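Chemist: Contents are PDB, C-alpha atoms; file name run25.pdb:
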MODEL        1
ATOM      1  CA  LYS A  59      25.094  22.214  -5.186  1.00  0.00           C
ATOM      2  CA  ASN A  60      22.673  19.627  -6.522  1.00  0.00           C
ATOM      3  CA  GLN A  61      20.605  18.427  -3.616  1.00  0.00           C
ATOM      4  CA  VAL A  62      17.417  16.664  -2.719  1.00  0.00           C
ATOM      5  CA  GLU A  63      16.006  17.524   0.706  1.00  0.00           C
ATOM      6  CA  GLN A  64      13.171  15.631   2.343  1.00  0.00           C
ATOM      7  CA  SER A  65      11.014  16.595   5.271  1.00  0.00           C
ATOM      8  CA  PRO A  66      10.123  15.662   7.840  1.00  0.00           C
ATOM      9  CA  GLN A  67      12.950  13.310   8.722  1.00  0.00           C
ATOM     10  CA  SER A  68      10.503  11.126  10.623  1.00  0.00           C
ATOM     11  CA  LEU A  69       6.760  11.092  11.139  1.00  0.00           C
ATOM     12  CA  ILE A  70       4.414   9.139  13.391  1.00  0.00           C
ATOM     13  CA  ILE A  71       0.704   8.972  12.626  1.00  0.00           C
ATOM     14  CA  LEU A  72      -2.282   6.911  13.680  1.00  0.00           C
ATOM     15  CA  GLU A  73      -3.770   4.290  11.417  1.00  0.00           C
ATOM     16  CA  GLY A  74      -6.437   5.701   9.150  1.00  0.00           C
ATOM     17  CA  LYS A  75      -5.025   9.220   9.104  1.00  0.00           C
ATOM     18  CA  ASN A  76      -3.624  11.015   6.061  1.00  0.00           C
ATOM     19  CA  CYS A  77      -0.141  12.443   5.790  1.00  0.00           C
ATOM     20  CA  THR A  78       2.026  14.384   3.369  1.00  0.00           C
ATOM     21  CA  LEU A  79       5.749  14.045   2.837  1.00  0.00           C
ATOM     22  CA  GLN A  80       7.814  16.763   1.205  1.00  0.00           C
ATOM     23  CA  CYS A  81      10.717  16.770  -1.220  1.00  0.00           C
ATOM     24  CA  ASN A  82      12.559  19.878  -2.403  1.00  0.00           C
ATOM     25  CA  TYR A  83      15.326  19.742  -4.947  1.00  0.00           C
ATOM     26  CA  THR A  84      17.864  22.046  -6.520  1.00  0.00           C
ATOM     27  CA  VAL A  85      19.201  19.768  -9.276  1.00  0.00           C
ATOM     28  CA  SER A  86      19.205  20.998 -12.844  1.00  0.00           C
ATOM     29  CA  PRO A  87      18.380  20.308 -15.590  1.00  0.00           C
ATOM     30  CA  PHE A  88      15.518  18.255 -14.252  1.00  0.00           C
ATOM     31  CA  SER A  89      14.469  15.048 -15.965  1.00  0.00           C
ATOM     32  CA  ASN A  90      12.128  13.208 -13.616  1.00  0.00           C
ATOM     33  CA  LEU A  91      11.285  12.664  -9.968  1.00  0.00           C
ATOM     34  CA  ARG A  92      10.589   9.320  -8.338  1.00  0.00           C
ATOM     35  CA  TRP A  93       9.205   8.260  -4.994  1.00  0.00           C
ATOM     36  CA  TYR A  94      10.285   4.929  -3.537  1.00  0.00           C
ATOM     37  CA  LYS A  95       9.039   3.035  -0.500  1.00  0.00           C
ATOM     38  CA  GLN A  96      11.590   1.033   1.458  1.00  0.00           C
ATOM     39  CA  ASP A  97      10.413  -1.403   4.087  1.00  0.00           C
ATOM     40  CA  THR A  98      12.855  -2.215   6.861  1.00  0.00           C
ATOM     41  CA  GLY A  99      15.405  -4.762   5.669  1.00  0.00           C
ATOM     42  CA  ARG A 100      14.187  -4.625   2.070  1.00  0.00           C
ATOM     43  CA  GLY A 101      15.179  -2.830  -1.104  1.00  0.00           C
ATOM     44  CA  PRO A 102      13.288   0.267  -2.280  1.00  0.00           C
ATOM     45  CA  VAL A 103      10.178  -0.245  -4.400  1.00  0.00           C
ATOM     46  CA  SER A 104       9.047   2.336  -6.923  1.00  0.00           C
ATOM     47  CA  LEU A 105       5.767   4.131  -6.159  1.00  0.00           C
ATOM     48  CA  THR A 106       5.595   6.865  -8.781  1.00  0.00           C
ATOM     49  CA  ILE A 107       7.701   8.568 -11.401  1.00  0.00           C
ATOM     50  CA  MET A 108       6.884  11.989 -12.837  1.00  0.00           C
ATOM     51  CA  THR A 109       8.387  14.005 -15.645  1.00  0.00           C
ATOM     52  CA  PHE A 110       8.485  17.767 -16.050  1.00  0.00           C
ATOM     53  CA  SER A 111       5.064  17.905 -17.680  1.00  0.00           C
ATOM     54  CA  GLU A 112       3.249  15.857 -15.039  1.00  0.00           C
ATOM     55  CA  ASN A 113       2.055  17.529 -11.862  1.00  0.00           C
ATOM     56  CA  THR A 114       0.234  14.669 -10.212  1.00  0.00           C
ATOM     57  CA  LYS A 115       0.318  10.904 -10.304  1.00  0.00           C
ATOM     58  CA  SER A 116      -1.474   8.344  -8.167  1.00  0.00           C
ATOM     59  CA  ASN A 117      -0.734   4.780  -7.187  1.00  0.00           C
ATOM     60  CA  GLY A 118      -3.563   3.481  -5.035  1.00  0.00           C
ATOM     61  CA  ARG A 119      -3.587   5.447  -1.780  1.00  0.00           C
ATOM     62  CA  TYR A 120      -0.370   7.229  -2.749  1.00  0.00           C
ATOM     63  CA  THR A 121      -0.586  10.499  -4.694  1.00  0.00           C
ATOM     64  CA  ALA A 122       2.520  12.381  -5.724  1.00  0.00           C
ATOM     65  CA  THR A 123       2.529  15.985  -6.877  1.00  0.00           C
ATOM     66  CA  LEU A 124       5.231  17.915  -8.657  1.00  0.00           C
ATOM     67  CA  ASP A 125       5.733  21.659  -9.055  1.00  0.00           C
ATOM     68  CA  ALA A 126       8.665  21.990 -11.418  1.00  0.00           C
ATOM     69  CA  ASP A 127       8.643  25.770 -11.087  1.00  0.00           C
ATOM     70  CA  THR A 128       9.234  25.760  -7.353  1.00  0.00           C
ATOM     71  CA  LYS A 129      11.137  22.447  -7.503  1.00  0.00           C
ATOM     72  CA  GLN A 130       8.923  20.817  -4.925  1.00  0.00           C
ATOM     73  CA  SER A 131       7.205  17.475  -4.737  1.00  0.00           C
ATOM     74  CA  SER A 132       4.933  15.914  -2.179  1.00  0.00           C
ATOM     75  CA  LEU A 133       3.731  12.398  -1.506  1.00  0.00           C
ATOM     76  CA  HIS A 134       0.275  12.203   0.049  1.00  0.00           C
ATOM     77  CA  ILE A 135      -0.820   8.996   1.737  1.00  0.00           C
ATOM     78  CA  THR A 136      -4.529   8.575   2.280  1.00  0.00           C
ATOM     79  CA  ALA A 137      -6.144   6.433   4.973  1.00  0.00           C
ATOM     80  CA  SER A 138      -2.842   5.127   6.237  1.00  0.00           C
ATOM     81  CA  GLN A 139      -2.359   1.474   7.087  1.00  0.00           C
ATOM     82  CA  LEU A 140       0.136  -0.239   9.368  1.00  0.00           C
ATOM     83  CA  SER A 141       1.895  -1.590   6.282  1.00  0.00           C
ATOM     84  CA  ASP A 142       2.657   1.979   5.208  1.00  0.00           C
ATOM     85  CA  SER A 143       5.310   2.102   7.927  1.00  0.00           C
ATOM     86  CA  ALA A 144       8.514   2.456   5.925  1.00  0.00           C
ATOM     87  CA  SER A 145      11.090   4.912   4.664  1.00  0.00           C
ATOM     88  CA  TYR A 146       9.942   7.014   1.706  1.00  0.00           C
ATOM     89  CA  ILE A 147      12.730   8.142  -0.579  1.00  0.00           C
ATOM     90  CA  CYS A 148      12.592  10.930  -3.137  1.00  0.00           C
ATOM     91  CA  VAL A 149      14.955  10.573  -6.106  1.00  0.00           C
ATOM     92  CA  VAL A 150      15.569  13.125  -8.832  1.00  0.00           C
ATOM     93  CA  GLU A 151      17.092  12.282 -12.195  1.00  0.00           C
ATOM     94  CA  TRP A 152      18.883  15.166 -13.866  1.00  0.00           C
ATOM     95  CA  GLY A 153      21.460  16.155 -16.412  1.00  0.00           C
ATOM     96  CA  SER A 154      22.430  14.772 -19.796  1.00  0.00           C
ATOM     97  CA  ALA A 155      24.310  11.963 -18.052  1.00  0.00           C
ATOM     98  CA  ARG A 156      21.057  11.003 -16.283  1.00  0.00           C
ATOM     99  CA  GLN A 157      22.441  11.313 -12.790  1.00  0.00           C
ATOM    100  CA  LEU A 158      20.347  10.317  -9.822  1.00  0.00           C
ATOM    101  CA  THR A 159      20.363  12.232  -6.550  1.00  0.00           C
ATOM    102  CA  PHE A 160      18.670  10.571  -3.597  1.00  0.00           C
ATOM    103  CA  GLY A 161      17.058  12.225  -0.615  1.00  0.00           C
ATOM    104  CA  SER A 162      17.735  10.895   2.876  1.00  0.00           C
ATOM    105  CA  GLY A 163      14.192   9.659   3.188  1.00  0.00           C
ATOM    106  CA  THR A 164      11.295  10.207   5.575  1.00  0.00           C
ATOM    107  CA  GLN A 165      10.758   7.447   8.108  1.00  0.00           C
ATOM    108  CA  LEU A 166       7.009   6.967   8.517  1.00  0.00           C
ATOM    109  CA  THR A 167       5.572   4.993  11.418  1.00  0.00           C
ATOM    110  CA  VAL A 168       1.874   4.182  11.453  1.00  0.00           C
ATOM    111  CA  LEU A 169       0.531   3.196  14.875  1.00  0.00           C
ATOM    112  CA  PRO A 170      -2.656   1.233  15.546  1.00  0.00           C
TER     113      PRO A 170
ATOM    114  CA  GLU B 136       9.311 -10.110  -4.977  1.00  0.00           C
ATOM    115  CA  THR B 137      10.873  -7.664  -7.399  1.00  0.00           C
ATOM    116  CA  GLY B 138      12.727 -10.127  -9.613  1.00  0.00           C
ATOM    117  CA  VAL B 139      16.120  -9.069  -8.285  1.00  0.00           C
ATOM    118  CA  THR B 140      17.795 -11.435  -5.856  1.00  0.00           C
ATOM    119  CA  GLN B 141      20.873 -10.908  -3.742  1.00  0.00           C
ATOM    120  CA  THR B 142      23.040 -13.289  -1.764  1.00  0.00           C
ATOM    121  CA  PRO B 143      24.024 -13.486   0.946  1.00  0.00           C
ATOM    122  CA  ARG B 144      21.412 -11.464   2.816  1.00  0.00           C
ATOM    123  CA  HIS B 145      23.755 -10.969   5.758  1.00  0.00           C
ATOM    124  CA  LEU B 146      27.548 -11.053   5.905  1.00  0.00           C
ATOM    125  CA  VAL B 147      30.030 -10.547   8.715  1.00  0.00           C
ATOM    126  CA  MET B 148      33.665 -10.317   7.727  1.00  0.00           C
ATOM    127  CA  GLY B 149      36.997  -9.306   9.141  1.00  0.00           C
ATOM    128  CA  MET B 150      39.135  -6.604   7.605  1.00  0.00           C
ATOM    129  CA  THR B 151      41.505  -9.149   6.058  1.00  0.00           C
ATOM    130  CA  ASN B 152      38.814 -11.343   4.489  1.00  0.00           C
ATOM    131  CA  LYS B 153      37.844 -11.573   0.843  1.00  0.00           C
ATOM    132  CA  LYS B 154      34.180 -12.062   0.055  1.00  0.00           C
ATOM    133  CA  SER B 155      31.819 -11.495  -2.850  1.00  0.00           C
ATOM    134  CA  LEU B 156      28.252 -10.269  -3.051  1.00  0.00           C
ATOM    135  CA  LYS B 157      26.050 -11.667  -5.775  1.00  0.00           C
ATOM    136  CA  CYS B 158      23.093 -10.149  -7.557  1.00  0.00           C
ATOM    137  CA  GLU B 159      20.858 -11.733 -10.174  1.00  0.00           C
ATOM    138  CA  GLN B 160      17.995 -10.131 -12.055  1.00  0.00           C
ATOM    139  CA  HIS B 161      15.239 -12.102 -13.715  1.00  0.00           C
ATOM    140  CA  LEU B 162      13.580  -9.160 -15.485  1.00  0.00           C
ATOM    141  CA  GLY B 163      15.448  -9.117 -18.790  1.00  0.00           C
ATOM    142  CA  HIS B 164      16.944  -5.725 -18.017  1.00  0.00           C
ATOM    143  CA  ASN B 165      20.095  -4.362 -19.632  1.00  0.00           C
ATOM    144  CA  ALA B 166      21.515  -2.265 -16.794  1.00  0.00           C
ATOM    145  CA  MET B 167      22.556  -3.160 -13.263  1.00  0.00           C
ATOM    146  CA  TYR B 168      23.672  -1.066 -10.319  1.00  0.00           C
ATOM    147  CA  TRP B 169      25.394  -1.345  -6.949  1.00  0.00           C
ATOM    148  CA  TYR B 170      24.368   1.067  -4.189  1.00  0.00           C
ATOM    149  CA  LYS B 171      25.602   1.560  -0.639  1.00  0.00           C
ATOM    150  CA  GLN B 172      23.071   2.562   2.018  1.00  0.00           C
ATOM    151  CA  SER B 173      24.423   3.696   5.372  1.00  0.00           C
ATOM    152  CA  ALA B 174      22.230   4.593   8.309  1.00  0.00           C
ATOM    153  CA  LYS B 175      20.615   8.043   8.073  1.00  0.00           C
ATOM    154  CA  LYS B 176      22.334   8.780   4.758  1.00  0.00           C
ATOM    155  CA  PRO B 177      21.046   8.863   1.184  1.00  0.00           C
ATOM    156  CA  LEU B 178      21.665   5.958  -1.111  1.00  0.00           C
ATOM    157  CA  GLU B 179      25.078   6.216  -2.746  1.00  0.00           C
ATOM    158  CA  LEU B 180      25.526   4.947  -6.271  1.00  0.00           C
ATOM    159  CA  MET B 181      28.726   2.899  -6.525  1.00  0.00           C
ATOM    160  CA  PHE B 182      28.765   1.267  -9.939  1.00  0.00           C
ATOM    161  CA  VAL B 183      26.640   1.151 -13.053  1.00  0.00           C
ATOM    162  CA  TYR B 184      26.787  -1.464 -15.781  1.00  0.00           C
ATOM    163  CA  SER B 185      24.889  -0.836 -18.962  1.00  0.00           C
ATOM    164  CA  LEU B 186      24.949  -3.567 -21.592  1.00  0.00           C
ATOM    165  CA  GLU B 187      27.582  -5.303 -19.460  1.00  0.00           C
ATOM    166  CA  GLU B 188      30.010  -2.379 -19.640  1.00  0.00           C
ATOM    167  CA  ARG B 189      30.845  -0.258 -16.632  1.00  0.00           C
ATOM    168  CA  VAL B 190      29.690   3.301 -17.264  1.00  0.00           C
ATOM    169  CA  GLU B 191      30.206   4.956 -13.889  1.00  0.00           C
ATOM    170  CA  ASN B 192      32.606   4.434 -10.987  1.00  0.00           C
ATOM    171  CA  ASN B 193      31.890   7.335  -8.665  1.00  0.00           C
ATOM    172  CA  SER B 194      35.320   7.255  -7.019  1.00  0.00           C
ATOM    173  CA  VAL B 195      34.644   4.105  -5.066  1.00  0.00           C
ATOM    174  CA  PRO B 196      37.692   2.749  -3.184  1.00  0.00           C
ATOM    175  CA  SER B 197      39.557  -0.026  -4.965  1.00  0.00           C
ATOM    176  CA  ARG B 198      38.759  -2.442  -2.144  1.00  0.00           C
ATOM    177  CA  PHE B 199      35.378  -2.736  -3.914  1.00  0.00           C
ATOM    178  CA  SER B 200      35.634  -4.455  -7.285  1.00  0.00           C
ATOM    179  CA  PRO B 201      32.563  -5.054  -9.444  1.00  0.00           C
ATOM    180  CA  GLU B 202      32.131  -7.749 -12.045  1.00  0.00           C
ATOM    181  CA  CYS B 203      29.336  -8.140 -14.568  1.00  0.00           C
ATOM    182  CA  PRO B 204      29.791 -11.382 -16.525  1.00  0.00           C
ATOM    183  CA  ASN B 205      26.444 -11.033 -18.328  1.00  0.00           C
ATOM    184  CA  SER B 206      23.347  -8.878 -18.266  1.00  0.00           C
ATOM    185  CA  SER B 207      21.676 -10.968 -15.568  1.00  0.00           C
ATOM    186  CA  HIS B 208      24.472 -11.237 -13.023  1.00  0.00           C
ATOM    187  CA  LEU B 209      26.441  -8.706 -11.039  1.00  0.00           C
ATOM    188  CA  PHE B 210      29.069  -9.287  -8.387  1.00  0.00           C
ATOM    189  CA  LEU B 211      30.774  -7.025  -5.877  1.00  0.00           C
ATOM    190  CA  HIS B 212      34.103  -8.403  -4.738  1.00  0.00           C
ATOM    191  CA  LEU B 213      35.226  -7.186  -1.328  1.00  0.00           C
ATOM    192  CA  HIS B 214      38.813  -7.120  -0.096  1.00  0.00           C
ATOM    193  CA  THR B 215      40.485  -5.532   2.920  1.00  0.00           C
ATOM    194  CA  LEU B 216      37.390  -3.623   3.974  1.00  0.00           C
ATOM    195  CA  GLN B 217      37.187  -1.089   6.778  1.00  0.00           C
ATOM    196  CA  PRO B 218      34.601  -0.910   9.578  1.00  0.00           C
ATOM    197  CA  GLU B 219      33.087   2.184   7.934  1.00  0.00           C
ATOM    198  CA  ASP B 220      32.188  -0.003   4.965  1.00  0.00           C
ATOM    199  CA  SER B 221      29.527  -1.670   7.111  1.00  0.00           C
ATOM    200  CA  ALA B 222      26.236  -0.887   5.399  1.00  0.00           C
ATOM    201  CA  LEU B 223      23.379  -2.287   3.361  1.00  0.00           C
ATOM    202  CA  TYR B 224      24.521  -2.997  -0.195  1.00  0.00           C
ATOM    203  CA  LEU B 225      21.697  -2.852  -2.690  1.00  0.00           C
ATOM    204  CA  CYS B 226      21.659  -4.136  -6.222  1.00  0.00           C
ATOM    205  CA  ALA B 227      19.218  -2.765  -8.784  1.00  0.00           C
ATOM    206  CA  SER B 228      18.409  -3.335 -12.423  1.00  0.00           C
ATOM    207  CA  SER B 229      16.582  -1.379 -15.093  1.00  0.00           C
ATOM    208  CA  GLN B 230      15.805  -1.353 -18.773  1.00  0.00           C
ATOM    209  CA  VAL B 231      17.620   1.649 -20.173  1.00  0.00           C
ATOM    210  CA  ALA B 232      14.989   3.365 -22.250  1.00  0.00           C
ATOM    211  CA  GLY B 233      13.252   6.693 -22.256  1.00  0.00           C
ATOM    212  CA  VAL B 234      12.609   9.166 -19.529  1.00  0.00           C
ATOM    213  CA  GLN B 235      10.529   6.992 -17.231  1.00  0.00           C
ATOM    214  CA  GLU B 236      13.042   4.265 -16.523  1.00  0.00           C
ATOM    215  CA  THR B 237      12.397   2.543 -13.211  1.00  0.00           C
ATOM    216  CA  GLN B 238      15.020   0.757 -11.174  1.00  0.00           C
ATOM    217  CA  TYR B 239      14.042  -2.449  -9.434  1.00  0.00           C
ATOM    218  CA  PHE B 240      15.955  -3.159  -6.265  1.00  0.00           C
ATOM    219  CA  GLY B 241      16.977  -6.373  -4.613  1.00  0.00           C
ATOM    220  CA  PRO B 242      16.550  -6.952  -0.876  1.00  0.00           C
ATOM    221  CA  GLY B 243      20.155  -6.010  -0.135  1.00  0.00           C
ATOM    222  CA  THR B 244      23.082  -7.575   1.670  1.00  0.00           C
ATOM    223  CA  ARG B 245      23.611  -6.330   5.219  1.00  0.00           C
ATOM    224  CA  LEU B 246      27.390  -6.196   5.648  1.00  0.00           C
ATOM    225  CA  LEU B 247      29.204  -5.863   8.950  1.00  0.00           C
ATOM    226  CA  VAL B 248      32.967  -5.406   8.913  1.00  0.00           C
ATOM    227  CA  LEU B 249      34.713  -6.144  12.188  1.00  0.00           C
TER     228      LEU B 249
ENDMDL
END
Render the structure in this file as structure tokens.
Modeler:
Amino acid sequence: KNQVEQSPQSLIILEGKNCTLQCNYTVSPFSNLRWYKQDTGRGPVSLTIMTFSENTKSNGRYTATLDADTKQSSLHITASQLSDSASYICVVEWGSARQLTFGSGTQLTVLP
Amino acid sequence: ETGVTQTPRHLVMGMTNKKSLKCEQHLGHNAMYWYKQSAKKPLELMFVYSLEERVENNSVPSRFSPECPNSSHLFLHLHTLQPEDSALYLCASSQVAGVQETQYFGPGTRLLVL
């Protein structure tokens, strides 16, 4: 079954700390993997997108990694800020029909 | 903002009502999407329009009817909905291109069916 699993489901950290979110997938054939940030009551906003040949990509304090062999990705947030509180969604595009499979998201809460 | 707008932002309707959700993209994209987002569940793709033609339906119930009159506008017509249809409905657009195509989402319409 083609799936995208994210962990943890929720995470609470203190402002200024780092954290890492995980995404494992089983979809095949893989095309690309995206991380989105979704603030409460808003639509998702793209953070990074990585293809098979890319194993790391940064966007400010966000750094995504991809291991296409083990089918794992992580999103590392450095020096967290209160505004990082959001749901982080991993999305994998796969197949010749360019299907998208979404993870359930990790709900991150950053406390002062 | 992302360049994708949705109206209304909130909607409460009874099961016998007919309503429509509207989406407009100002990014010059050639594909538009409707998604359903229920609490604690992954985003579910409902409809895709590429170059104003529907390319995917995903077995969505007929009480949801999409309309794409041009590349900038997308509607979702709602009729005889059920309480389980209460969710956040997100519209997105993209420029269908190579591998690194990014979807830009609107803010969503929060729908409550009573």
Chemist: Within 10 Å of Thr167 (chain A), counting all atoms listed in the file, which residues qualify if same-chain residues fewer than 2 places away don't, as an MDAnalysis selection string?
Modeler: chainID A and resid 68:73 138:145 164:165 169:170
Chemist: I'd like to know which of B:Ser207, B:Ser228, B:Ser155, B:Ser200 is closest to chain A, using only C-alpha atoms.
Modeler: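 Once distances to chain A are computed over only C-alpha atoms, the minimum belongs to B:Ser228.
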Chemist: Residues of chain B no more than 9 Å from chain A, counting only C-alpha atoms: send them over as a ChimeraX atom specification.
Modeler: /B:137,175-180,223,225-227,234-243,245
Chemist: Dig up all the protein and nucleic acid residues within 9 Å of (18.7, -9.3, -13.5) in the file frame, using all atoms listed in the file, and format them as a PyMOL selection string.
Modeler: chain B and resi 138-140+158-167+206-209+227-229
Chemist: Take the residues from that selection and write them out as a compact mmCIF listing (two decimals), in the coordinates of the input, keeping C-alpha atoms.
Modeler:
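That gives us again.txt:
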# COMPACT_ATOMS: atom_id res chain seq x y z
CA GLY B 138 12.73 -10.13 -9.61
CA VAL B 139 16.12 -9.07 -8.28
CA THR B 140 17.80 -11.44 -5.86
CA CYS B 158 23.09 -10.15 -7.56
CA GLU B 159 20.86 -11.73 -10.17
CA GLN B 160 18.00 -10.13 -12.06
CA HIS B 161 15.24 -12.10 -13.72
CA LEU B 162 13.58 -9.16 -15.48
CA GLY B 163 15.45 -9.12 -18.79
CA HIS B 164 16.94 -5.72 -18.02
CA ASN B 165 20.10 -4.36 -19.63
CA ALA B 166 21.52 -2.26 -16.79
CA MET B 167 22.56 -3.16 -13.26
CA SER B 206 23.35 -8.88 -18.27
CA SER B 207 21.68 -10.97 -15.57
CA HIS B 208 24.47 -11.24 -13.02
CA LEU B 209 26.44 -8.71 -11.04
CA ALA B 227 19.22 -2.76 -8.78
CA SER B 228 18.41 -3.34 -12.42
CA SER B 229 16.58 -1.38 -15.09
Chemist: Rounded to one decimal place, report the CA of Ile135 (chain A)-CA of Phe110 (chain A) distance in Å.
Modeler: 21.9 Å
Chemist: For this structure, which residues satisfy the selection - the PyMOL selection byres ((chain A and resi 76) around 8) - when it is evaluated on the file as given? I want them as a list in words.
Modeler: Gly74, Lys75, Cys77, Thr78, His134, Ile135, Thr136, Ala137 and Ser138 of chain A
Chemist: Write a file of the selected residues as a PDB file, in the coordinates of the input, keeping C-alpha atoms.
Modeler:
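New file result-v1.pdb:
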ATOM      1  CA  GLY A  74      -6.437   5.701   9.150  1.00  0.00           C
ATOM      2  CA  LYS A  75      -5.025   9.220   9.104  1.00  0.00           C
ATOM      3  CA  CYS A  77      -0.141  12.443   5.790  1.00  0.00           C
ATOM      4  CA  THR A  78       2.026  14.384   3.369  1.00  0.00           C
ATOM      5  CA  HIS A 134       0.275  12.203   0.049  1.00  0.00           C
ATOM      6  CA  ILE A 135      -0.820   8.996   1.737  1.00  0.00           C
ATOM      7  CA  THR A 136      -4.529   8.575   2.280  1.00  0.00           C
ATOM      8  CA  ALA A 137      -6.144   6.433   4.973  1.00  0.00           C
ATOM      9  CA  SER A 138      -2.842   5.127   6.237  1.00  0.00           C
TER      10      SER A 138
END
Chemist: If you measure from CA of Met148 (chain B) to CA of Glu188 (chain B), what distance in Å do you get, rounded to one decimal?
Modeler: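 Rounded to one decimal, the two atoms are 28.7 Å apart.
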Chemist: Give as number ranges by chain the residues that the PyMOL selection byres ((chain B and resi 211-221) around 12) matches when applied to the coordinates above.
Modeler: B: 141-143, 145-159, 167-174, 181-183, 195-204, 208-210, 222-226, 244-249
Chemist: Run through the PyMOL selection byres ((chain A and resi 129) around 9) on the given coordinates and return the selected residues as a PyMOL selection string.
Modeler: chain A and resi 81-85+124-128+130-131
Chemist: Record the distance separating CA of Trp152 (chain A) and CA of Leu166 (chain A), expressed in Å with one decimal.
Modeler: 26.6 Å
Chemist: Return the single residue from A:Thr114, A:Ala122, A:Gly153, A:Val168 that is closest to Leu79 (chain A), with distances computed using only C-alpha atoms.
Modeler: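 The shortest atom-to-atom distance to Leu79 (chain A) comes from A:Ala122.
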